[in-house]
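The next block is work27.txt, given as compact mmCIF, C-alpha atoms and all ligand atoms.
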# COMPACT_ATOMS: atom_id res chain seq x y z
CA MET A 25 -21.55 -4.37 13.47
CA THR A 26 -19.16 -1.73 14.79
CA ASP A 27 -20.13 1.07 17.18
CA SER A 28 -19.07 3.90 14.95
CA ARG A 29 -20.20 2.88 11.52
CA TRP A 30 -22.83 0.83 9.73
CA ALA A 31 -20.28 -0.70 7.34
CA TRP A 32 -17.64 -3.21 8.32
CA VAL A 33 -15.46 -6.18 7.34
CA GLU A 34 -15.89 -9.51 9.11
CA VAL A 35 -12.88 -11.82 9.24
CA ASP A 36 -13.36 -15.47 10.10
CA LEU A 37 -10.15 -16.52 11.87
CA GLU A 38 -11.30 -20.14 11.96
CA ALA A 39 -11.26 -20.01 8.15
CA ILE A 40 -7.65 -18.76 8.25
CA ARG A 41 -6.69 -21.63 10.57
CA HIS A 42 -8.49 -24.13 8.32
CA ASN A 43 -6.73 -22.80 5.22
CA VAL A 44 -3.25 -22.88 6.79
CA LYS A 45 -3.81 -26.49 7.85
CA ALA A 46 -5.20 -27.48 4.44
CA LEU A 47 -2.22 -25.90 2.65
CA SER A 48 0.36 -27.38 5.04
CA GLY A 49 -1.28 -30.72 4.40
CA LEU A 50 -0.14 -30.48 0.77
CA THR A 51 3.54 -30.30 1.76
CA PRO A 52 5.77 -33.07 3.14
CA GLU A 53 5.98 -33.48 6.92
CA GLY A 54 8.48 -31.02 8.38
CA THR A 55 8.12 -28.40 5.62
CA ARG A 56 8.03 -24.95 7.19
CA PHE A 57 5.13 -22.63 6.42
CA MET A 58 5.41 -18.87 5.95
CA ALA A 59 2.12 -16.98 6.26
CA VAL A 60 2.45 -13.92 4.05
CA VAL A 61 0.72 -11.05 5.86
CA LYS A 62 1.97 -8.05 3.89
CA ALA A 63 -0.44 -5.18 3.12
CA ASP A 64 -2.07 -5.63 6.52
CA GLY A 65 -2.75 -9.27 5.86
CA TYR A 66 -4.16 -8.64 2.36
CA GLY A 67 -6.68 -6.32 4.03
CA HIS A 68 -7.65 -8.84 6.72
CA GLY A 69 -5.54 -7.37 9.55
CA ALA A 70 -1.94 -8.56 9.88
CA VAL A 71 -1.80 -9.01 13.65
CA ASP A 72 -4.90 -11.20 14.08
CA VAL A 73 -4.17 -13.17 10.90
CA SER A 74 -0.58 -13.80 12.06
CA ARG A 75 -1.75 -15.14 15.41
CA ALA A 76 -4.35 -17.41 13.76
CA ALA A 77 -1.84 -18.67 11.20
CA MET A 78 0.70 -19.46 13.90
CA GLN A 79 -1.94 -21.31 15.95
CA ALA A 80 -2.51 -23.44 12.86
CA GLY A 81 1.19 -24.25 12.52
CA ALA A 82 2.78 -21.43 10.51
CA SER A 83 6.46 -21.04 11.47
CA HIS A 84 7.34 -17.78 9.70
CA LEU A 85 5.61 -14.52 8.78
CA GLY A 86 6.27 -12.61 5.56
CA VAL A 87 5.88 -8.83 5.29
CA GLY A 88 6.47 -6.22 2.59
CA THR A 89 7.76 -3.24 4.61
CA VAL A 90 9.72 -2.47 7.77
CA ASP A 91 6.68 -0.73 9.26
CA GLU A 92 4.62 -3.88 8.76
CA ALA A 93 7.24 -5.87 10.65
CA ALA A 94 7.30 -3.24 13.42
CA GLN A 95 3.52 -3.50 13.78
CA LEU A 96 3.77 -7.26 14.40
CA ARG A 97 6.60 -6.88 16.90
CA GLY A 98 4.67 -4.06 18.60
CA ALA A 99 1.77 -6.49 19.07
CA GLY A 100 4.12 -8.91 20.85
CA ILE A 101 4.51 -11.41 18.00
CA ARG A 102 7.84 -13.21 18.39
CA ALA A 103 7.80 -15.54 15.35
CA PRO A 104 10.54 -15.16 12.72
CA ILE A 105 9.60 -12.36 10.31
CA VAL A 106 11.05 -12.18 6.80
CA LEU A 107 10.90 -8.91 4.90
CA LEU A 108 10.29 -10.17 1.36
CA SER A 109 12.16 -7.40 -0.45
CA GLU A 110 15.27 -5.40 0.39
CA PRO A 111 14.53 -2.09 2.16
CA PRO A 112 16.76 1.04 1.97
CA GLU A 113 20.04 1.07 3.96
CA THR A 114 18.58 3.67 6.34
CA THR A 115 16.52 0.88 7.97
CA VAL A 116 19.36 -1.44 9.03
CA GLU A 117 19.44 -0.43 12.73
CA ARG A 118 15.69 -0.79 12.98
CA LEU A 119 15.78 -4.23 11.36
CA ILE A 120 18.34 -5.42 13.91
CA ASP A 121 16.41 -3.90 16.83
CA LEU A 122 13.18 -5.52 15.62
CA ASP A 123 14.90 -8.85 14.89
CA VAL A 124 13.50 -8.86 11.36
CA THR A 125 15.23 -10.86 8.63
CA PRO A 126 15.44 -8.95 5.36
CA ALA A 127 15.68 -10.27 1.84
CA LEU A 128 19.06 -9.18 0.50
CA PHE A 129 20.36 -8.81 -3.03
CA THR A 130 22.70 -5.78 -3.24
CA ARG A 131 26.25 -5.08 -2.07
CA GLU A 132 25.20 -1.67 -0.76
CA PHE A 133 22.59 -3.03 1.57
CA ALA A 134 24.76 -5.98 2.61
CA GLY A 135 27.59 -3.61 3.63
CA ALA A 136 25.28 -1.36 5.64
CA LEU A 137 23.60 -4.28 7.42
CA SER A 138 26.91 -5.91 8.26
CA ARG A 139 28.42 -2.67 9.63
CA ALA A 140 25.35 -1.98 11.78
CA ALA A 141 25.45 -5.52 13.19
CA VAL A 142 29.17 -5.34 13.95
CA ALA A 143 28.69 -1.97 15.67
CA ARG A 144 26.16 -3.66 17.94
CA GLY A 145 28.38 -6.63 18.56
CA THR A 146 25.99 -9.02 16.84
CA THR A 147 25.26 -10.61 13.46
CA ALA A 148 22.23 -9.98 11.28
CA GLY A 149 20.45 -12.85 9.54
CA TYR A 150 19.30 -12.43 5.95
CA HIS A 151 17.61 -14.40 3.18
CA LEU A 152 19.41 -14.21 -0.14
CA LYS A 153 16.97 -13.41 -2.96
CA LEU A 154 17.73 -14.96 -6.35
CA ASP A 155 16.27 -13.74 -9.60
CA THR A 156 15.64 -16.85 -11.67
CA GLY A 157 13.65 -15.21 -14.44
CA MET A 158 10.94 -12.89 -13.14
CA ASN A 159 13.37 -9.96 -13.41
CA ARG A 160 11.82 -8.06 -10.52
CA VAL A 161 14.40 -8.16 -7.69
CA GLY A 162 17.21 -10.49 -6.77
CA VAL A 163 20.77 -11.49 -7.59
CA ARG A 164 20.94 -13.10 -11.04
CA ALA A 165 20.92 -16.85 -10.45
CA GLU A 166 24.12 -17.41 -12.46
CA SER A 167 26.17 -15.16 -10.18
CA ALA A 168 24.48 -16.03 -6.89
CA HIS A 169 27.25 -18.37 -5.71
CA GLU A 170 29.92 -15.69 -6.20
CA PHE A 171 27.80 -13.08 -4.43
CA ALA A 172 27.07 -15.47 -1.56
CA ALA A 173 30.76 -16.34 -1.24
CA VAL A 174 31.64 -12.62 -1.01
CA LEU A 175 28.94 -12.05 1.61
CA SER A 176 30.18 -14.97 3.68
CA GLU A 177 33.27 -12.82 4.38
CA PHE A 178 31.16 -9.99 5.84
CA PRO A 179 31.61 -10.26 9.63
CA GLY A 180 28.12 -9.00 10.52
CA LEU A 181 26.05 -11.20 8.19
CA ARG A 182 24.52 -14.64 8.66
CA LEU A 183 22.86 -16.41 5.71
CA GLU A 184 19.62 -17.91 7.05
CA GLY A 185 17.77 -18.65 3.85
CA THR A 186 17.86 -18.58 0.06
CA PHE A 187 14.79 -18.01 -2.09
CA THR A 188 13.31 -17.12 -5.43
CA HIS A 189 9.85 -16.18 -6.72
CA PHE A 190 7.92 -17.55 -9.70
CA ALA A 191 6.26 -15.47 -12.39
CA THR A 192 3.87 -18.09 -13.76
CA ALA A 193 3.10 -20.51 -10.94
CA ASP A 194 -0.66 -20.21 -11.50
CA VAL A 195 -0.37 -21.99 -14.87
CA PRO A 196 -0.16 -25.77 -14.31
CA GLY A 197 2.80 -27.46 -15.99
CA ASP A 198 4.14 -24.15 -17.23
CA TRP A 199 7.49 -24.26 -19.05
CA ASP A 200 8.69 -20.93 -17.62
CA LEU A 201 8.19 -22.24 -14.09
CA ALA A 202 10.22 -25.33 -14.95
CA SER A 203 12.96 -23.11 -16.33
CA GLN A 204 13.02 -20.89 -13.21
CA LEU A 205 13.13 -23.98 -11.02
CA LYS A 206 16.05 -25.39 -12.98
CA ARG A 207 18.04 -22.17 -12.63
CA PHE A 208 17.24 -22.05 -8.92
CA LYS A 209 18.49 -25.60 -8.37
CA SER A 210 21.69 -24.94 -10.34
CA ALA A 211 22.35 -21.83 -8.27
CA LEU A 212 21.83 -23.77 -5.02
CA GLN A 213 24.23 -26.44 -6.21
CA ALA A 214 26.83 -23.82 -7.14
CA MET A 215 26.48 -22.25 -3.68
CA ARG A 216 27.02 -25.62 -2.01
CA ASP A 217 30.04 -26.20 -4.27
CA GLU A 218 31.45 -22.94 -2.87
CA ARG A 219 30.80 -24.36 0.62
CA VAL A 220 28.05 -21.83 1.26
CA ASP A 221 25.10 -23.32 3.15
CA PRO A 222 21.96 -21.74 1.61
CA GLY A 223 19.98 -22.18 4.85
CA ILE A 224 16.19 -22.47 4.55
CA VAL A 225 15.43 -22.87 0.83
CA HIS A 226 12.06 -21.58 -0.36
CA ALA A 227 10.34 -20.71 -3.62
CA ALA A 228 6.64 -21.56 -3.66
CA ASN A 229 3.89 -18.94 -3.41
CA SER A 230 0.26 -20.12 -3.02
CA ALA A 231 -0.09 -21.28 -6.62
CA ALA A 232 3.14 -23.27 -6.58
CA THR A 233 2.33 -24.72 -3.15
CA ILE A 234 -0.96 -26.06 -4.55
CA LEU A 235 0.07 -26.98 -8.10
CA ALA A 236 3.81 -27.72 -8.10
CA PRO A 237 5.03 -29.98 -5.25
CA GLU A 238 8.53 -30.04 -6.80
CA THR A 239 8.90 -26.39 -5.65
CA HIS A 240 8.24 -26.93 -1.93
CA PHE A 241 11.87 -27.25 -0.70
CA ASP A 242 12.21 -26.40 3.05
CA MET A 243 9.39 -23.86 3.28
CA VAL A 244 6.38 -22.59 1.32
CA ARG A 245 5.19 -18.95 1.32
CA CYS A 246 1.43 -18.69 1.17
CA GLY A 247 -0.43 -15.39 0.96
CA ILE A 248 -3.71 -15.26 -0.94
CA SER A 249 -4.63 -18.87 -0.17
CA ILE A 250 -4.51 -18.51 3.63
CA TYR A 251 -7.30 -15.95 3.23
CA GLY A 252 -9.38 -18.58 1.43
CA LEU A 253 -8.93 -17.01 -1.99
CA HIS A 254 -7.57 -18.88 -4.99
CA PRO A 255 -4.54 -17.66 -6.94
CA GLY A 256 -5.95 -18.87 -10.25
CA ASP A 257 -8.54 -20.97 -12.05
CA SER A 258 -6.62 -24.24 -11.67
CA THR A 259 -6.36 -24.40 -7.88
CA PRO A 260 -9.98 -24.75 -6.64
CA SER A 261 -10.10 -28.41 -7.69
CA GLN A 262 -6.90 -29.13 -5.70
CA VAL A 263 -7.60 -27.78 -2.23
CA ASP A 264 -10.64 -26.79 -0.20
CA LEU A 265 -10.23 -23.20 1.01
CA VAL A 266 -12.72 -21.16 3.05
CA PRO A 267 -12.90 -17.41 2.33
CA ALA A 268 -12.23 -15.43 5.52
CA MET A 269 -13.51 -11.99 4.51
CA SER A 270 -17.08 -10.71 4.36
CA VAL A 271 -18.11 -7.09 3.80
CA LYS A 272 -21.41 -5.95 5.30
CA ALA A 273 -23.42 -2.78 5.85
CA ARG A 274 -26.71 -1.60 7.27
CA ALA A 275 -29.04 0.64 5.32
CA THR A 276 -28.79 4.23 6.57
CA GLN A 277 -31.95 5.21 4.70
CA VAL A 278 -34.62 3.50 2.61
CA LYS A 279 -36.86 5.63 0.44
CA ARG A 280 -39.41 5.40 -2.40
CA ILE A 281 -38.71 7.34 -5.57
CA GLY A 282 -41.04 7.99 -8.50
CA ILE A 283 -40.82 6.78 -12.08
CA GLY A 284 -38.17 8.71 -14.03
CA GLU A 285 -36.28 10.03 -10.99
CA GLY A 286 -32.45 9.72 -11.06
CA VAL A 287 -30.00 8.81 -8.30
CA SER A 288 -26.48 9.80 -7.21
CA TYR A 289 -23.91 12.04 -8.96
CA GLY A 290 -24.66 12.65 -12.59
CA LEU A 291 -28.05 10.94 -12.20
CA THR A 292 -26.72 8.08 -14.31
CA TRP A 293 -29.55 5.71 -13.32
CA HIS A 294 -33.24 6.52 -13.53
CA ALA A 295 -36.11 4.54 -12.08
CA GLY A 296 -38.08 2.86 -14.88
CA ALA A 297 -40.90 2.33 -12.38
CA PRO A 298 -41.53 3.55 -8.83
CA ALA A 299 -38.61 2.11 -6.86
CA THR A 300 -37.34 1.56 -3.35
CA ILE A 301 -33.75 2.74 -2.88
CA ALA A 302 -31.55 1.82 0.09
CA THR A 303 -28.40 3.77 0.94
CA LEU A 304 -25.36 1.93 2.32
CA PRO A 305 -22.60 3.88 4.10
CA LEU A 306 -19.53 2.65 2.21
CA GLY A 307 -17.99 3.70 -1.07
CA TYR A 308 -14.84 3.89 -3.14
CA ALA A 309 -12.75 5.11 -0.19
CA ASP A 310 -13.61 1.76 1.40
CA GLY A 311 -12.55 -0.30 -1.60
CA LEU A 312 -15.65 -0.34 -3.79
CA HIS A 313 -13.96 0.87 -6.95
CA ARG A 314 -16.04 3.51 -8.76
CA VAL A 315 -15.81 1.46 -11.95
CA LEU A 316 -18.30 -0.92 -10.28
CA SER A 317 -21.03 1.75 -10.54
CA ASN A 318 -24.25 0.35 -12.02
CA ARG A 319 -22.55 -3.06 -12.40
CA MET A 320 -22.28 -4.73 -9.02
CA GLN A 321 -24.93 -6.39 -6.90
CA VAL A 322 -25.40 -6.71 -3.14
CA LEU A 323 -27.44 -9.16 -1.10
CA GLY A 324 -30.51 -7.94 0.78
CA GLY A 325 -33.41 -10.00 2.09
CA GLY A 326 -31.53 -13.07 0.79
CA ARG A 327 -31.74 -11.84 -2.82
CA ARG A 328 -29.34 -10.24 -5.28
CA LEU A 329 -30.12 -6.55 -5.66
CA PRO A 330 -28.58 -4.18 -8.23
CA GLN A 331 -26.39 -1.31 -7.10
CA VAL A 332 -27.59 1.76 -8.98
CA GLY A 333 -26.09 5.17 -9.81
CA ARG A 334 -22.50 6.24 -9.32
CA ILE A 335 -20.57 4.87 -6.36
CA CYS A 336 -19.65 7.80 -4.08
CA MET A 337 -16.66 8.11 -1.77
CA ASP A 338 -18.64 7.04 1.31
CA GLN A 339 -21.98 5.74 0.06
CA ILE A 340 -23.69 3.54 -2.50
CA LEU A 341 -27.32 3.15 -3.51
CA VAL A 342 -29.16 -0.11 -4.02
CA GLU A 343 -32.46 -0.75 -5.74
CA CYS A 344 -34.44 -2.98 -3.44
CA GLY A 345 -36.95 -4.32 -5.97
CA ARG A 346 -40.65 -4.60 -5.48
CA TYR A 347 -40.61 -7.37 -2.94
CA ALA A 348 -37.66 -6.60 -0.67
CA GLU A 349 -38.87 -5.49 2.73
CA LEU A 350 -35.78 -3.59 3.69
CA GLU A 351 -35.77 -0.73 6.15
CA ARG A 352 -33.30 1.55 7.87
CA GLY A 353 -30.88 -0.72 9.79
CA SER A 354 -31.40 -3.81 7.58
CA GLU A 355 -28.18 -5.74 7.02
CA LEU A 356 -26.97 -6.05 3.43
CA VAL A 357 -24.01 -8.09 2.22
CA VAL A 358 -21.46 -6.70 -0.25
CA VAL A 359 -19.13 -9.73 -0.05
CA GLY A 360 -20.22 -12.98 1.56
CA SER A 361 -23.41 -14.98 1.95
CA GLN A 362 -27.00 -14.26 2.88
CA GLY A 363 -29.64 -16.96 2.65
CA THR A 364 -28.66 -19.17 -0.25
CA GLU A 365 -26.89 -16.42 -2.21
CA THR A 366 -23.17 -15.65 -2.17
CA ILE A 367 -21.13 -12.80 -3.65
CA THR A 368 -17.45 -13.67 -3.80
CA LEU A 369 -14.45 -11.36 -3.87
CA ASP A 370 -13.65 -13.01 -7.21
CA GLU A 371 -17.00 -11.87 -8.60
CA ILE A 372 -16.47 -8.24 -7.73
CA ALA A 373 -12.81 -8.37 -8.68
CA ALA A 374 -13.83 -9.56 -12.16
CA LEU A 375 -16.40 -6.75 -12.44
CA SER A 376 -13.69 -4.28 -11.39
CA GLY A 377 -11.28 -5.61 -14.00
CA THR A 378 -8.82 -6.80 -11.36
CA ILE A 379 -7.90 -9.82 -9.23
CA ASN A 380 -9.07 -10.98 -5.78
CA TYR A 381 -5.68 -9.91 -4.31
CA GLU A 382 -6.30 -6.24 -5.11
CA MET A 383 -9.95 -6.38 -4.10
CA ALA A 384 -9.10 -7.80 -0.64
CA CYS A 385 -6.42 -5.11 -0.12
CA SER A 386 -8.95 -2.45 -1.12
CA PHE A 387 -11.41 -3.47 1.58
CA GLY A 388 -8.54 -3.09 4.06
CA MET A 389 -8.22 0.64 3.38
CA ARG A 390 -10.73 2.15 5.78
CA LEU A 391 -13.38 -0.30 6.93
CA GLU A 392 -13.23 -1.41 10.55
CA ARG A 393 -12.83 -5.13 11.09
CA ILE A 394 -14.64 -7.56 13.34
CA TYR A 395 -13.06 -10.93 14.06
CA ARG A 396 -15.02 -14.11 14.54
C1 LIG A 401 3.41 -11.78 -1.87
C2 LIG A 401 4.44 -12.81 -1.96
C3 LIG A 401 4.12 -14.16 -1.74
C4 LIG A 401 2.72 -14.66 -1.55
O1 LIG A 401 2.10 -14.81 -2.81
P1 LIG A 401 0.62 -15.41 -2.93
O2 LIG A 401 0.39 -15.53 -4.38
O3 LIG A 401 -0.29 -14.40 -2.29
O4 LIG A 401 0.62 -16.69 -2.19
C5 LIG A 401 5.17 -15.07 -1.73
N1 LIG A 401 6.44 -14.67 -1.94
C6 LIG A 401 6.78 -13.38 -2.18
C7 LIG A 401 8.20 -13.02 -2.42
C8 LIG A 401 5.79 -12.42 -2.22
O5 LIG A 401 6.12 -11.15 -2.46

Give the structure from the file, written as structure tokens.
Ligand SMILES: *Cc1c(COP(=O)(O)O)cnc(C)c1O
Amino acid sequence: MTDSRWAWVEVDLEAIRHNVKALSGLTPEGTRFMAVVKADGYGHGAVDVSRAAMQAGASHLGVGTVDEAAQLRGAGIRAPIVLLSEPPETTVERLIDLDVTPALFTREFAGALSRAAVARGTTAGYHLKLDTGMNRVGVRAESAHEFAAVLSEFPGLRLEGTFTHFATADVPGDWDLASQLKRFKSALQAMRDERVDPGIVHAANSAATILAPETHFDMVRCGISIYGLHPGDSTPSQVDLVPAMSVKARATQVKRIGIGEGVSYGLTWHAGAPATIATLPLGYADGLHRVLSNRMQVLGGGRRLPQVGRICMDQILVECGRYAELERGSELVVVGSQGTETITLDEIAALSGTINYEMACSFGMRLERIYR
């Protein structure tokens, strides 16, 4: 429980360490491991997750924005940080000052980074991003060797790694993944033929790390799986992951209402019998999407209880049932276990019409975190 609020996220750092070790165990000895901690560690807190992941053997950290990298450096984290997409040119000085390695795939950015490095009498490392078929960002694989050869003439640049990203890694044996992998390997060969050393070669996200060993190369990049969440339906049978995030709250009020009375905005739920209603102090501004109204359940007294009425910005209501002996201050579980019952992030993601990735990020928006 936090001092300021009866709603909080608990993050089990031992689970993070367990997951990093379990995932590393799937890769050959010596394979580097990037812990992807973008979006504040998928809502789990980037700084604490980074430290735990590094304790468990992660060599690199992956972020999505320059500010995320700055936060890690500000906390004293010295590990190599890779910015997974190319930021605007206006950030080049900051990247060099922070010693952050950006993904790179345009001439414009390459020129700006090189000039800034030369002006400081140094060189800036970068990871070349290849587009092998996802068509999101990257140099087209067929022209990567030419681009890399041009960049090798830039005095301020140092190629430290070459990578790509898969669109369909969560589907075992997928043909599109095989095709992306083939284009990636051809591009690497063409780079080597041009006498360009691609540096650390990496491609696998969580799904590919678990399902496609042929994609491991020199480093894997795991995000969702280090948090103990599975990237798809095919991975749970392959590796044992422990979810790190729980979401909990204490009842701010428990009251009896009469038959026929409604609750919350719009009075969308009415008591079919006299009912006990508990109020929890978290809502859609904390990640409980409003679409979950009258659909989700929470755990109280070791039982599943229905959430009733519309979800508000800061509060939700729960029907306690006839037997629950809940009172003001009782602890209820929104995500996690109580007694023999468990509500997973996957369960509430499915009810929200989304994936565990988005659900975890949502709970990172406003709730305070406690680390165990
Ligand atoms: C987010 C991201 C990852 C991690 O993906 P998961 O599915 O969470 O493991 C890996 N690589 C890149 C380029 C990413 O943007």

Using atom CA of Ala148 of chain A and atom CA of Thr125 of chain A as the two end points, give the distance in Å to one decimal. 7.5 Å

With all atoms listed in the file counted, collect every polymer residue having an atom within 6 Å of ligand LIG 401 (chain A); state the result as a list of chain:residue names.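 Sorted by chain and then by number, the residues are A:Val60, A:Leu108, A:His189, A:Asn229, A:Ser230, A:Arg245, A:Cys246, A:Gly247, A:Ile248, A:Pro255.
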
May I ask which of the residues A:Gly98, A:Val315, A:Ile283, A:Ala275 is the closest one to Val342 of chain A, counting all atoms listed in the file?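 The shortest atom-to-atom distance to Val342 of chain A comes from A:Ala275.
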
Determine the nearest neighbour of Gly345 of chain A from the options A:Gln331, A:Thr192, A:Ser28, A:Thr239, counting all atoms listed in the file.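 The closest residue to Gly345 of chain A is A:Gln331.
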
Give me the residues within 9 Å of segment 153-157 of chain A as a list in words, counting all atoms listed in the file and dropping any in the same chain fewer than 5 places off.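 So the residues in contact are Leu108, Ser109, Glu110, Ala127, Leu128, Phe129, Gly162, Val163, Arg164, Ala165, Glu166, Ala168, Gly185, Thr186, Phe187, Thr188, His189, Phe190, Ala191, Asp200, Leu201, Ser203, Gln204, Leu205, Lys206, Arg207, Phe208 and Ala211 of chain A.
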
In file coordinates, which residues lie within 7 Å of (18.8, -8.7, 9.0) using all atoms listed in the file, given as a ChimeraX atom specification? /A:119-120,124-126,137,148-150

Using all atoms listed in the file, find the one residue out of A:Lys272, A:His84, A:Arg139, A:His151 that sits nearest to Pro305 of chain A.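 Nearest candidate to Pro305 of chain A out of A:Lys272, A:His84, A:Arg139, A:His151: A:Lys272.
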
What's the separation between atom CA of Arg216 of chain A and atom CA of Pro179 of chain A, in Å to one decimal place? 19.8 Å

As an exercise, work out the distance from atom CA of Cys385 of chain A to atom CA of Ala63 of chain A in Å and give it to one decimal place.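 Computing the Euclidean distance for atom CA of Cys385 of chain A and atom CA of Ala63 of chain A yields 6.8 Å.
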
Find the residues near segment 354-360 of chain A: any atom within 6 Å, counting all atoms listed in the file, skip ones fewer than 5 places away on the same chain, and give them as a ChimeraX atom specification. /A:270-275,322-324,366-368
